[in-house]
$ cat input34.txt   # compact mmCIF, C-alpha atoms
# COMPACT_ATOMS: atom_id res chain seq x y z
CA MET A 1 53.67 162.46 10.78
CA PRO A 2 56.71 162.53 13.08
CA CYS A 3 56.14 162.37 16.78
CA TYR A 4 58.56 165.24 17.45
CA ILE A 5 55.69 167.62 16.64
CA ALA A 6 54.57 167.14 20.24
CA GLY A 7 56.72 170.05 21.37
CA MET A 8 60.14 171.19 22.42
CA ILE A 9 60.11 172.41 26.00
CA PRO A 10 59.85 169.98 28.90
CA ALA A 11 56.85 171.07 30.92
CA VAL A 12 57.97 171.68 34.47
CA GLU A 13 55.08 173.55 36.07
CA ARG A 14 55.39 175.84 39.09
CA TRP A 15 52.47 175.76 41.43
CA ARG A 16 51.90 178.94 43.42
CA SER A 17 49.05 177.63 45.48
CA VAL A 18 48.82 174.92 48.10
CA PRO A 19 48.48 171.46 46.48
CA PRO A 20 44.93 170.13 46.50
CA VAL A 21 43.96 167.30 48.79
CA GLY A 22 44.87 163.96 47.25
CA ALA A 23 47.61 165.34 44.98
CA CYS A 24 51.22 164.27 45.37
CA LEU A 25 54.59 165.54 44.29
CA TYR A 26 56.89 163.52 42.10
CA GLY A 27 60.25 164.89 41.10
CA GLY A 28 59.06 168.46 41.65
CA ARG A 29 56.05 167.96 39.33
CA MET A 30 52.49 167.88 40.41
CA LEU A 31 50.61 164.70 39.58
CA ARG A 32 46.89 165.02 39.12
CA THR A 33 44.64 162.95 41.32
CA LEU A 34 43.01 160.13 39.39
CA ARG A 35 40.65 157.46 40.60
CA PRO A 36 42.09 153.94 40.60
CA TYR A 37 39.93 152.85 37.70
CA GLN A 38 41.02 155.89 35.63
CA LEU A 39 44.69 155.08 36.25
CA ALA A 40 44.07 151.43 35.35
CA ILE A 41 42.32 152.44 32.10
CA ASP A 42 45.22 154.72 31.12
CA LEU A 43 47.77 151.96 31.76
CA VAL A 44 45.77 149.45 29.71
CA ILE A 45 45.42 151.96 26.85
CA ALA A 46 49.16 152.63 26.95
CA ALA A 47 49.96 148.89 26.83
CA LEU A 48 47.59 148.31 23.91
CA PHE A 49 49.00 151.35 22.13
CA PHE A 50 52.54 149.96 22.49
CA LEU A 51 51.59 146.53 21.13
CA PHE A 52 49.66 147.90 18.18
CA SER A 53 52.17 150.64 17.33
CA PHE A 54 55.15 148.30 17.48
CA GLY A 55 53.33 145.79 15.31
CA VAL A 56 52.51 148.22 12.50
CA SER A 57 55.48 150.60 12.69
CA LEU A 58 58.44 148.40 11.83
CA THR A 59 60.65 150.34 9.40
CA GLY A 60 63.78 148.28 9.32
CA ASN A 61 65.42 149.85 12.36
CA LEU A 62 64.02 147.56 15.05
CA TRP A 63 65.73 149.04 18.10
CA ILE A 64 64.89 152.64 17.23
CA ASP A 65 61.27 151.68 16.52
CA MET A 66 61.01 149.81 19.81
CA ILE A 67 62.55 152.67 21.82
CA VAL A 68 60.40 155.36 20.18
CA THR A 69 57.23 153.28 20.59
CA ALA A 70 58.03 152.60 24.24
CA ILE A 71 58.69 156.28 24.96
CA MET A 72 55.46 157.35 23.28
CA SER A 73 53.50 154.66 25.15
CA VAL A 74 54.86 155.97 28.46
CA ALA A 75 53.76 159.47 27.42
CA VAL A 76 50.28 158.10 26.69
CA ALA A 77 50.17 156.53 30.15
CA PHE A 78 51.01 159.89 31.79
CA ARG A 79 48.87 162.11 29.57
CA ARG A 80 46.13 162.60 32.19
CA LEU A 81 48.16 161.95 35.33
CA SER A 82 50.70 164.65 34.44
CA PRO A 83 50.16 166.39 31.09
CA GLY A 84 53.37 168.42 31.45
CA LEU A 85 55.46 165.31 32.10
CA ALA A 86 53.77 163.52 29.19
CA LEU A 87 54.63 166.45 26.90
CA ALA A 88 58.28 166.31 27.96
CA ILE A 89 58.43 162.52 27.43
CA ALA A 90 56.85 162.91 23.99
CA TRP A 91 59.49 165.43 23.06
CA VAL A 92 62.23 162.99 24.13
CA GLY A 93 60.64 160.41 21.85
CA SER A 94 60.50 162.92 19.03
CA ILE A 95 64.21 163.70 19.31
CA THR A 96 65.01 160.00 19.43
CA GLN A 97 63.01 159.41 16.27
CA MET A 98 64.60 162.34 14.44
CA VAL A 99 68.16 161.26 15.16
CA GLY A 100 67.46 157.60 14.41
CA ALA A 101 69.05 156.74 11.07
CA GLY A 102 66.49 155.74 8.47
CA THR A 103 63.52 156.31 10.78
CA VAL A 104 60.35 157.59 9.11
CA PRO A 105 57.02 158.74 10.56
CA ALA A 106 55.27 155.89 12.32
CA PHE A 107 51.91 155.08 13.92
CA ALA A 108 53.34 155.92 17.37
CA ASP A 109 53.37 159.58 16.30
CA PHE A 110 49.59 159.70 16.77
CA ALA A 111 50.23 159.74 20.52
CA VAL A 112 51.08 163.41 20.04
CA LEU A 113 47.46 164.29 19.30
CA SER A 114 46.25 162.74 22.54
CA ILE A 115 48.98 164.45 24.55
CA LEU A 116 48.26 167.89 23.09
CA PHE A 117 44.58 167.34 23.86
CA CYS A 118 45.39 166.57 27.50
CA THR A 119 47.71 169.56 27.94
CA ALA A 120 44.81 171.86 27.06
CA SER A 121 42.14 169.85 28.88
CA TYR A 122 43.92 168.93 32.13
CA GLY A 123 47.11 171.00 32.28
CA GLY A 124 47.67 174.08 34.38
CA ARG A 125 48.07 177.55 32.92
CA ILE A 126 51.77 177.09 32.05
CA VAL A 127 51.37 173.58 30.66
CA ARG A 128 48.34 174.63 28.64
CA TRP A 129 50.17 177.43 26.81
CA VAL A 130 53.35 175.39 26.48
CA GLY A 131 51.18 172.80 24.72
CA LEU A 132 49.98 175.42 22.23
CA ALA A 133 53.55 176.61 21.66
CA SER A 134 54.61 173.00 21.18
CA ALA A 135 51.96 172.56 18.48
CA ALA A 136 53.27 175.62 16.61
CA VAL A 137 56.98 174.79 16.99
CA GLY A 138 56.34 171.13 16.29
CA ALA A 139 54.58 172.00 13.04
CA ILE A 140 57.60 174.08 11.94
CA VAL A 141 60.11 171.36 12.85
CA ALA A 142 57.99 168.68 11.20
CA MET A 143 57.74 170.73 8.02
CA LEU A 144 61.53 171.19 7.97
CA TYR A 145 62.09 167.47 8.51
CA ILE A 146 59.51 166.37 5.96
CA VAL A 147 60.13 168.93 3.18
CA VAL A 148 63.37 170.86 3.60
CA VAL A 149 65.69 168.10 4.78
CA PRO A 150 64.76 165.72 1.92
CA LEU A 151 65.28 168.55 -0.59
CA ILE A 152 68.73 169.29 0.79
CA GLY A 153 69.73 165.65 1.01
CA THR A 154 68.32 164.23 -2.24
CA GLN A 155 68.01 167.13 -4.68
CA SER A 156 71.66 168.17 -4.95
CA GLY A 157 72.29 169.67 -8.34
CA VAL A 158 68.60 169.59 -9.24
CA SER A 159 66.94 172.95 -9.47
CA LEU A 160 63.26 173.06 -8.48
CA PRO A 161 61.02 176.02 -9.15
CA ALA A 162 61.05 178.32 -6.15
CA GLY A 163 57.27 178.58 -6.30
CA ASP A 164 56.85 174.83 -5.91
CA VAL A 165 59.20 174.76 -2.93
CA VAL A 166 57.42 177.62 -1.19
CA ARG A 167 54.02 176.11 -1.94
CA SER A 168 55.07 172.74 -0.54
CA ILE A 169 56.50 174.36 2.59
CA LEU A 170 53.37 176.43 3.24
CA LEU A 171 50.94 173.59 2.58
CA ASN A 172 52.79 171.22 4.90
CA LEU A 173 53.20 173.89 7.56
CA PHE A 174 49.54 174.89 7.61
CA GLY A 175 48.37 171.29 7.40
CA LEU A 176 50.52 170.16 10.30
CA PHE A 177 49.59 173.13 12.48
CA ALA A 178 45.90 172.65 11.67
CA VAL A 179 46.00 169.04 12.84
CA LEU A 180 48.02 169.76 15.97
CA GLY A 181 46.14 172.96 16.76
CA LEU A 182 42.82 171.16 16.36
CA SER A 183 43.83 168.57 18.96
CA TRP A 184 44.83 171.33 21.38
CA THR A 185 41.63 173.29 20.68
CA LEU A 186 39.44 170.24 21.28
CA GLY A 187 41.15 169.80 24.63
CA LEU A 188 40.43 173.41 25.51
CA LEU A 189 36.77 172.96 24.53
CA ALA A 190 36.58 169.86 26.70
CA ARG A 191 38.02 171.85 29.60
CA THR A 192 35.49 174.64 29.06
CA TYR A 193 32.61 172.17 28.88
CA ARG A 194 33.73 170.45 32.05
CA ARG A 195 33.99 173.74 33.93
CA ALA A 196 30.61 174.88 32.62
CA ARG A 197 29.04 171.65 33.83
CA GLU A 198 30.65 172.05 37.25
CA SER A 199 29.48 175.67 37.39
CA GLY A 200 25.98 174.52 36.50
CA ARG A 201 25.99 171.99 39.31
CA ALA A 202 27.31 174.60 41.74
CA GLN A 203 24.65 177.09 40.63
CA ALA A 204 21.89 174.49 41.02
CA LEU A 205 23.16 173.66 44.51
CA ALA A 206 23.30 177.36 45.43
CA GLU A 207 19.75 177.88 44.16
CA GLN A 208 18.58 174.91 46.20
CA VAL A 209 20.23 176.35 49.30
CA ILE A 210 18.55 179.71 48.68
CA VAL A 211 15.15 178.06 48.27
CA VAL A 212 15.62 176.11 51.49
CA GLU A 213 16.72 179.26 53.33
CA GLN A 214 13.72 181.19 52.03
CA GLU A 215 11.40 178.42 53.15
CA ARG A 216 12.99 178.36 56.59
CA ASN A 217 12.62 182.13 56.86
CA ARG A 218 8.97 181.83 55.92
CA ILE A 219 8.43 179.17 58.56
CA ALA A 220 10.30 181.30 61.09
CA ARG A 221 7.95 184.20 60.36
CA ASP A 222 4.95 181.91 60.77
CA MET A 223 6.38 180.62 64.02
CA HIS A 224 6.86 184.18 65.27
CA ASP A 225 3.33 185.16 64.32
CA VAL A 226 1.69 182.12 65.89
CA VAL A 227 3.69 182.10 69.11
CA ALA A 228 3.65 185.86 69.64
CA HIS A 229 -0.08 186.17 69.09
CA SER A 230 -0.99 183.17 71.20
CA LEU A 231 1.26 184.17 74.08
CA ALA A 232 -0.14 187.71 74.01
CA VAL A 233 -3.67 186.32 74.33
CA VAL A 234 -2.63 183.93 77.10
CA ILE A 235 -0.87 186.70 79.07
CA ALA A 236 -3.79 189.08 78.71
CA GLN A 237 -6.26 186.42 79.88
CA ALA A 238 -4.06 185.37 82.78
CA ASP A 239 -3.63 188.97 83.95
CA GLY A 240 -7.35 189.65 83.60
CA ALA A 241 -8.26 186.52 85.55
CA ARG A 242 -5.85 187.41 88.34
CA TYR A 243 -7.30 190.93 88.69
CA ALA A 244 -10.93 189.76 88.46
CA GLN A 245 -10.55 186.80 90.80
CA ALA A 246 -11.73 188.67 93.87
CA SER A 247 -14.60 190.62 92.34
CA ASN A 248 -15.81 188.16 89.69
CA PRO A 249 -14.74 184.56 90.35
CA GLY A 250 -16.85 183.27 87.47
CA SER A 251 -14.73 185.09 84.92
CA VAL A 252 -11.69 183.05 85.96
CA GLU A 253 -13.14 179.90 84.45
CA ALA A 254 -13.86 181.66 81.16
CA ALA A 255 -10.33 183.07 81.11
CA LEU A 256 -8.83 179.68 81.81
CA THR A 257 -10.92 178.18 79.03
CA THR A 258 -9.66 180.81 76.59
CA ILE A 259 -6.08 180.22 77.73
CA SER A 260 -6.44 176.47 77.28
CA THR A 261 -8.01 176.79 73.83
CA THR A 262 -5.43 179.31 72.65
CA ALA A 263 -2.53 177.24 73.95
CA ARG A 264 -3.83 174.09 72.27
CA GLU A 265 -4.26 175.87 68.95
CA ALA A 266 -0.80 177.41 69.23
CA LEU A 267 0.68 174.02 70.04
CA GLY A 268 -0.97 172.53 66.96
CA ASP A 269 0.34 175.36 64.77
CA VAL A 270 3.84 174.99 66.19
CA ARG A 271 3.78 171.26 65.53
CA ILE A 272 2.76 171.90 61.93
CA LEU A 273 5.55 174.43 61.48
CA LEU A 274 8.11 172.10 63.03
CA SER A 275 6.97 169.32 60.72
CA GLN A 276 7.54 171.69 57.80
CA LEU A 277 11.11 172.17 58.98
CA ARG A 278 11.59 168.41 58.81
CA HIS A 279 9.81 167.91 55.50
CA SER A 280 10.12 170.02 52.37
CA GLN A 281 6.50 169.49 51.30
CA ASP A 282 3.83 171.62 52.88
CA GLU A 283 0.72 169.44 53.23
CA SER A 284 -1.00 171.43 55.99
CA PRO A 285 -3.73 173.96 55.10
CA GLN A 286 -2.70 177.61 55.38
CA PRO A 287 -4.93 180.28 56.92
CA VAL A 288 -7.19 182.13 54.47
CA LEU A 289 -9.41 185.21 54.67
CA GLU A 290 -12.30 183.23 56.18
CA ASP A 291 -10.09 182.44 59.18
CA ILE A 292 -9.79 186.14 60.09
CA ASP A 293 -13.19 186.02 61.84
CA LYS A 294 -11.96 183.31 64.19
CA LEU A 295 -8.74 185.25 64.78
CA VAL A 296 -10.67 188.40 65.65
CA ASP A 297 -13.02 186.52 68.01
CA GLN A 298 -10.05 184.94 69.72
CA THR A 299 -8.36 188.31 70.20
CA ARG A 300 -11.60 189.88 71.48
CA ALA A 301 -11.77 187.15 74.09
CA SER A 302 -8.49 188.44 75.48
CA GLY A 303 -10.11 191.79 76.22
CA LEU A 304 -9.19 193.79 73.11
CA LEU A 305 -11.98 195.85 71.55
CA ILE A 306 -12.05 195.33 67.78
CA ALA A 307 -14.33 196.93 65.22
CA ARG A 308 -14.08 195.11 61.94
CA ALA A 309 -15.46 196.62 58.75
CA GLU A 310 -15.41 195.59 55.12
CA GLN A 311 -16.45 197.60 52.11
CA GLY A 312 -16.59 196.90 48.41
CA THR A 313 -17.14 193.62 46.62
CA PRO A 314 -14.85 190.84 47.79
CA VAL A 315 -13.07 188.82 45.13
CA ALA A 316 -11.02 185.65 45.24
CA LEU A 317 -7.38 186.32 46.09
CA PRO A 318 -4.46 183.97 45.45
CA THR A 319 -3.52 181.77 48.39
CA GLY A 320 -0.27 183.65 48.96
CA GLN A 321 -2.07 186.99 49.29
CA GLN A 322 -4.72 185.53 51.59
CA LEU A 323 -2.02 184.13 53.86
CA ALA A 324 -0.22 187.50 53.85
CA VAL A 325 -3.41 189.37 54.80
CA TYR A 326 -4.12 186.91 57.61
CA ARG A 327 -0.61 187.11 59.05
CA ILE A 328 -0.53 190.91 58.87
CA VAL A 329 -3.86 191.11 60.69
CA GLN A 330 -2.57 188.66 63.27
CA GLU A 331 0.63 190.62 63.88
CA ALA A 332 -1.17 193.98 63.94
CA LEU A 333 -3.68 192.75 66.55
CA THR A 334 -0.88 191.23 68.59
CA ASN A 335 0.98 194.54 68.61
CA ALA A 336 -2.22 196.35 69.61
CA LEU A 337 -2.73 193.88 72.45
CA ARG A 338 0.85 194.30 73.64
CA HIS A 339 1.54 197.96 73.13
CA GLY A 340 -1.81 199.59 72.48
CA ASP A 341 -4.44 201.12 74.75
CA ALA A 342 -6.79 198.24 75.51
CA GLU A 343 -9.52 200.66 76.61
CA ARG A 344 -9.85 202.06 73.11
CA GLU A 345 -11.17 200.32 70.06
CA VAL A 346 -9.00 198.83 67.32
CA ARG A 347 -10.44 199.58 63.87
CA MET A 348 -9.80 197.10 61.09
CA LEU A 349 -10.95 197.85 57.55
CA LEU A 350 -10.70 195.63 54.48
CA ASP A 351 -11.41 197.87 51.48
CA TRP A 352 -12.09 196.02 48.21
CA GLN A 353 -11.29 198.48 45.46
CA ARG A 354 -11.38 197.96 41.70
CA SER A 355 -7.74 197.08 41.25
CA SER A 356 -6.57 196.35 44.79
CA VAL A 357 -7.58 195.37 48.26
CA VAL A 358 -6.36 197.57 51.10
CA LEU A 359 -6.09 196.43 54.69
CA THR A 360 -5.94 199.11 57.39
CA VAL A 361 -5.57 198.41 61.11
CA THR A 362 -5.68 201.45 63.40
CA SER A 363 -4.94 201.07 67.10
CA ALA A 364 -4.57 203.56 69.92
CA ARG A 365 -1.10 203.93 71.35
CA ARG A 366 -0.69 203.41 75.04
CA GLU A 367 0.82 206.35 76.83
CA GLY A 368 4.57 205.92 77.10
CA ALA A 369 4.70 203.11 74.52
CA VAL A 370 7.64 203.32 72.12
CA THR A 371 7.18 202.27 68.51
CA ASN A 372 10.10 200.27 67.11
CA PRO A 373 10.06 200.58 63.31
CA GLY A 374 12.91 198.08 63.08
CA GLY A 375 11.18 195.36 65.10
CA HIS A 376 10.82 191.83 63.83
CA GLY A 377 7.03 192.08 63.68
CA LEU A 378 6.96 195.10 61.37
CA ALA A 379 9.80 193.72 59.27
CA GLY A 380 7.93 190.43 58.92
CA MET A 381 4.72 192.18 57.86
CA ARG A 382 6.57 194.28 55.30
CA GLU A 383 8.32 191.24 53.88
CA ARG A 384 5.10 189.25 53.66
CA ALA A 385 3.38 192.07 51.79
CA THR A 386 6.32 192.46 49.41
CA LEU A 387 6.56 188.74 48.65
CA ALA A 388 2.84 188.68 47.89
CA GLY A 389 3.25 191.53 45.40
CA GLY A 390 1.85 194.25 47.62
CA THR A 391 3.01 197.25 49.61
CA PHE A 392 3.18 197.90 53.34
CA SER A 393 3.44 200.93 55.58
CA ALA A 394 3.34 201.53 59.34
CA GLU A 395 3.10 205.02 60.75
CA THR A 396 1.97 206.99 63.76
CA ALA A 397 -0.69 209.71 63.60
CA ASP A 398 -1.36 211.66 66.78
CA ASP A 399 -1.99 208.96 69.36
CA SER A 400 -2.74 206.18 66.86
CA PHE A 401 -0.64 203.59 65.13
CA ILE A 402 -1.75 202.76 61.59
CA VAL A 403 -0.78 199.65 59.65
CA THR A 404 -1.66 199.62 55.95
CA ALA A 405 -1.13 196.84 53.43
CA SER A 406 -2.27 196.93 49.82
CA PHE A 407 -2.41 194.01 47.40
CA PRO A 408 -3.15 194.23 43.67
CA ILE A 409 -6.09 192.42 42.18
CA THR A 410 -5.38 191.05 38.74
CA THR A 411 -8.07 190.95 36.08
CA THR A 412 -7.96 187.17 35.94
CA VAL A 413 -8.44 186.82 39.68
CA ALA A 414 -10.99 189.56 39.94
CA GLY A 415 -13.11 188.23 37.14

$ encode --input "input34.txt" --output "structure tokens"
Amino acid sequence: MPCYIAGMIPAVERWRSVPPVGACLYGGRMLRTLRPYQLAIDLVIAALFFLFSFGVSLTGNLWIDMIVTAIMSVAVAFRRLSPGLALAIAWVGSITQMVGAGTVPAFADFAVLSILFCTASYGGRIVRWVGLASAAVGAIVAMLYIVVVPLIGTQSGVSLPAGDVVRSILLNLFGLFAVLGLSWTLGLLARTYRRARESGRAQALAEQVIVVEQERNRIARDMHDVVAHSLAVVIAQADGARYAQASNPGSVEAALTTISTTAREALGDVRILLSQLRHSQDESPQPVLEDIDKLVDQTRASGLLIARAEQGTPVALPTGQQLAVYRIVQEALTNALRHGDAEREVRMLLDWQRSSVVLTVTSARREGAVTNPGGHGLAGMRERATLAGGTFSAETADDSFIVTASFPITTTVAG
């Protein structure tokens, strides 16, 4: 199969974008960036191809065979470094072989298949489609050289059936284009596979970044809940101790004890959360429903009146829902301590229904207090409820502020 089937048009590619880092320009053509070992492998393959091709392709015209083999070997060396340049070099070799007197198809022609593969796999948009056009035009030229030229040169005066001539032309044309087109198609498939693999790696990296960001947001919410609640308790105790110092000195010691205990617990929680930021694995125990009693007692010690009620039959909730309930209670009590009327009772109800558990925290609004529906606390509570599969609402009714969170109870969990 003649090597001129590589193509006709020298591939000089115009690059509209800025050259990538590591690429270089050579004679107006862009050379792809290869690692040193890849370049060394290509050079060794080209040298071996030259030695083998020259050894098995001697046809009686030594100089033509040597020149054609050398040109094709150079094209093999450049096939990945610059597919367009390799295609142009292969075409020069094809012309040299066609005009060489007595030259017949040789083993060096198989370099064409590798070059067409690389134009589709590594070439830019122009080189890629020039490679396909080269396969089509090369098949036509090869058919003319293999079938038509011998008929014109050796069959003078001999009449062959027109059907046989047409059949021979079509069979050779389709066969040559199938071989050349297959090489180009395999290169395109290799390009597609490579891009799909790169896209898969990029997608996996993006998913990992999203997971890390979600975890950091979760830790940030926990940090906000812990610090905000603890500081609210500490401030309330400190203010109460300062006001009661003159009339009831004994209460100062109790307030200081509460402040110390709350601060120590908050410091421990903050250390745990900071360790989670440094380590991806969460080995620390998370608050559960049983810890709500301790949370309520701690908030009561700061001077907030809390009436806790529970109705229905409790069931085991998933850990995520238990943590969400705890954090919502914590944030709701913190808001009541900050913005509510401390003289009035905060009512907290945990209603265990057949298919859901509903948490309701009702606190009295302090006169002049402004409710911020876009605050971080409410947004955090809503997000926690949503991530745990529940719903959340916060609304004002007369002089009260009502926080409601509902979480579904699945049959498996409830049973």

$ atom_distance --input "input34.txt" --atom1 "CA of Phe107 in chain A" --atom2 "CA of Phe54 in chain A"
8.3 Å

$ residues_around --input "input34.txt" --residues "Pro318 in chain A" --least-positions-apart "3" --cutoff "12 Å" --atoms "only C-alpha atoms" --output "PyMOL selection string"
chain A and resi 286+288-289+315+321-325+388-389+407-410+412-414

$ residues_around --input "input34.txt" --residues "range 66-79 of chain A" --least-positions-apart "4" --cutoff "6 Å" --atoms "all atoms listed in the file" --output "list in words"
Asp42, Leu43, Ala46, Phe50, Pro83, Ala86, Ile89, Ala90, Gly93, Ala108 and Ile115 of chain A

$ residues_around --input "input34.txt" --residues "range 296-311 of chain A" --least-positions-apart "4" --cutoff "10 Å" --atoms "all atoms listed in the file" --output "PDB file with C-alpha atoms, keeping the file's coordinate frame"
ATOM      1  CA  HIS A 229      -0.080 186.170  69.090  1.00  0.00           C
ATOM      2  CA  SER A 230      -0.990 183.170  71.200  1.00  0.00           C
ATOM      3  CA  ALA A 232      -0.140 187.710  74.010  1.00  0.00           C
ATOM      4  CA  VAL A 233      -3.670 186.320  74.330  1.00  0.00           C
ATOM      5  CA  VAL A 234      -2.630 183.930  77.100  1.00  0.00           C
ATOM      6  CA  ILE A 235      -0.870 186.700  79.070  1.00  0.00           C
ATOM      7  CA  ALA A 236      -3.790 189.080  78.710  1.00  0.00           C
ATOM      8  CA  GLN A 237      -6.260 186.420  79.880  1.00  0.00           C
ATOM      9  CA  ALA A 238      -4.060 185.370  82.780  1.00  0.00           C
ATOM     10  CA  ASP A 239      -3.630 188.970  83.950  1.00  0.00           C
ATOM     11  CA  GLY A 240      -7.350 189.650  83.600  1.00  0.00           C
ATOM     12  CA  ALA A 254     -13.860 181.660  81.160  1.00  0.00           C
ATOM     13  CA  ALA A 255     -10.330 183.070  81.110  1.00  0.00           C
ATOM     14  CA  THR A 258      -9.660 180.810  76.590  1.00  0.00           C
ATOM     15  CA  ILE A 259      -6.080 180.220  77.730  1.00  0.00           C
ATOM     16  CA  THR A 261      -8.010 176.790  73.830  1.00  0.00           C
ATOM     17  CA  THR A 262      -5.430 179.310  72.650  1.00  0.00           C
ATOM     18  CA  ASP A 291     -10.090 182.440  59.180  1.00  0.00           C
ATOM     19  CA  ILE A 292      -9.790 186.140  60.090  1.00  0.00           C
ATOM     20  CA  VAL A 329      -3.860 191.110  60.690  1.00  0.00           C
ATOM     21  CA  GLN A 330      -2.570 188.660  63.270  1.00  0.00           C
ATOM     22  CA  LEU A 333      -3.680 192.750  66.550  1.00  0.00           C
ATOM     23  CA  THR A 334      -0.880 191.230  68.590  1.00  0.00           C
ATOM     24  CA  ALA A 336      -2.220 196.350  69.610  1.00  0.00           C
ATOM     25  CA  LEU A 337      -2.730 193.880  72.450  1.00  0.00           C
ATOM     26  CA  GLY A 340      -1.810 199.590  72.480  1.00  0.00           C
ATOM     27  CA  ASP A 341      -4.440 201.120  74.750  1.00  0.00           C
ATOM     28  CA  ALA A 342      -6.790 198.240  75.510  1.00  0.00           C
ATOM     29  CA  GLU A 343      -9.520 200.660  76.610  1.00  0.00           C
ATOM     30  CA  ARG A 344      -9.850 202.060  73.110  1.00  0.00           C
ATOM     31  CA  GLU A 345     -11.170 200.320  70.060  1.00  0.00           C
ATOM     32  CA  VAL A 346      -9.000 198.830  67.320  1.00  0.00           C
ATOM     33  CA  ARG A 347     -10.440 199.580  63.870  1.00  0.00           C
ATOM     34  CA  MET A 348      -9.800 197.100  61.090  1.00  0.00           C
ATOM     35  CA  LEU A 349     -10.950 197.850  57.550  1.00  0.00           C
ATOM     36  CA  LEU A 350     -10.700 195.630  54.480  1.00  0.00           C
ATOM     37  CA  ASP A 351     -11.410 197.870  51.480  1.00  0.00           C
ATOM     38  CA  TRP A 352     -12.090 196.020  48.210  1.00  0.00           C
ATOM     39  CA  GLN A 353     -11.290 198.480  45.460  1.00  0.00           C
ATOM     40  CA  VAL A 357      -7.580 195.370  48.260  1.00  0.00           C
ATOM     41  CA  LEU A 359      -6.090 196.430  54.690  1.00  0.00           C
ATOM     42  CA  THR A 360      -5.940 199.110  57.390  1.00  0.00           C
ATOM     43  CA  VAL A 361      -5.570 198.410  61.110  1.00  0.00           C
ATOM     44  CA  THR A 362      -5.680 201.450  63.400  1.00  0.00           C
ATOM     45  CA  SER A 363      -4.940 201.070  67.100  1.00  0.00           C
TER      46      SER A 363
END

$ closest_residue --input "input34.txt" --among "A:Ala136, A:Ile95, A:Leu85, A:Val358" --to "Trp184 in chain A" --atoms "all atoms listed in the file"
A:Ala136

$ atom_distance --input "input34.txt" --atom1 "CA of Trp91 in chain A" --atom2 "CA of Leu34 in chain A"
23.8 Å

$ atom_distance --input "input34.txt" --atom1 "CA of Val112 in chain A" --atom2 "CA of Gly138 in chain A"
10.1 Å

$ axis_aligned_box --input "input34.txt" --around "range 139-143 of chain A" --padding-each-side "6 Å" --output "AutoDock Vina command-line options"
--center_x 57.3 --center_y 171.4 --center_z 10.5 --size_x 17.5 --size_y 17.4 --size_z 17.0

$ closest_residue --input "input34.txt" --among "A:Leu317, A:Leu31, A:Leu144, A:Ala241" --to "Glu290 in chain A" --atoms "only C-alpha atoms"
A:Leu317

$ closest_residue --input "input34.txt" --among "A:Leu205, A:Ile140, A:Ala397, A:Ala120" --to "Phe174 in chain A" --atoms "all atoms listed in the file"
A:Ile140

$ residues_around --input "input34.txt" --residues "Leu173 in chain A" --least-positions-apart "4" --cutoff "12 Å" --atoms "all atoms listed in the file" --output "PDB file with C-alpha atoms, keeping the file's coordinate frame"
ATOM      1  CA  MET A   1      53.670 162.460  10.780  1.00  0.00           C
ATOM      2  CA  ILE A   5      55.690 167.620  16.640  1.00  0.00           C
ATOM      3  CA  ALA A 135      51.960 172.560  18.480  1.00  0.00           C
ATOM      4  CA  ALA A 136      53.270 175.620  16.610  1.00  0.00           C
ATOM      5  CA  VAL A 137      56.980 174.790  16.990  1.00  0.00           C
ATOM      6  CA  GLY A 138      56.340 171.130  16.290  1.00  0.00           C
ATOM      7  CA  ALA A 139      54.580 172.000  13.040  1.00  0.00           C
ATOM      8  CA  ILE A 140      57.600 174.080  11.940  1.00  0.00           C
ATOM      9  CA  VAL A 141      60.110 171.360  12.850  1.00  0.00           C
ATOM     10  CA  ALA A 142      57.990 168.680  11.200  1.00  0.00           C
ATOM     11  CA  MET A 143      57.740 170.730   8.020  1.00  0.00           C
ATOM     12  CA  LEU A 144      61.530 171.190   7.970  1.00  0.00           C
ATOM     13  CA  TYR A 145      62.090 167.470   8.510  1.00  0.00           C
ATOM     14  CA  ILE A 146      59.510 166.370   5.960  1.00  0.00           C
ATOM     15  CA  VAL A 147      60.130 168.930   3.180  1.00  0.00           C
ATOM     16  CA  VAL A 148      63.370 170.860   3.600  1.00  0.00           C
ATOM     17  CA  VAL A 166      57.420 177.620  -1.190  1.00  0.00           C
ATOM     18  CA  ARG A 167      54.020 176.110  -1.940  1.00  0.00           C
ATOM     19  CA  SER A 168      55.070 172.740  -0.540  1.00  0.00           C
ATOM     20  CA  ILE A 169      56.500 174.360   2.590  1.00  0.00           C
ATOM     21  CA  PHE A 177      49.590 173.130  12.480  1.00  0.00           C
ATOM     22  CA  ALA A 178      45.900 172.650  11.670  1.00  0.00           C
ATOM     23  CA  VAL A 179      46.000 169.040  12.840  1.00  0.00           C
ATOM     24  CA  LEU A 180      48.020 169.760  15.970  1.00  0.00           C
ATOM     25  CA  GLY A 181      46.140 172.960  16.760  1.00  0.00           C
TER      26      GLY A 181
END
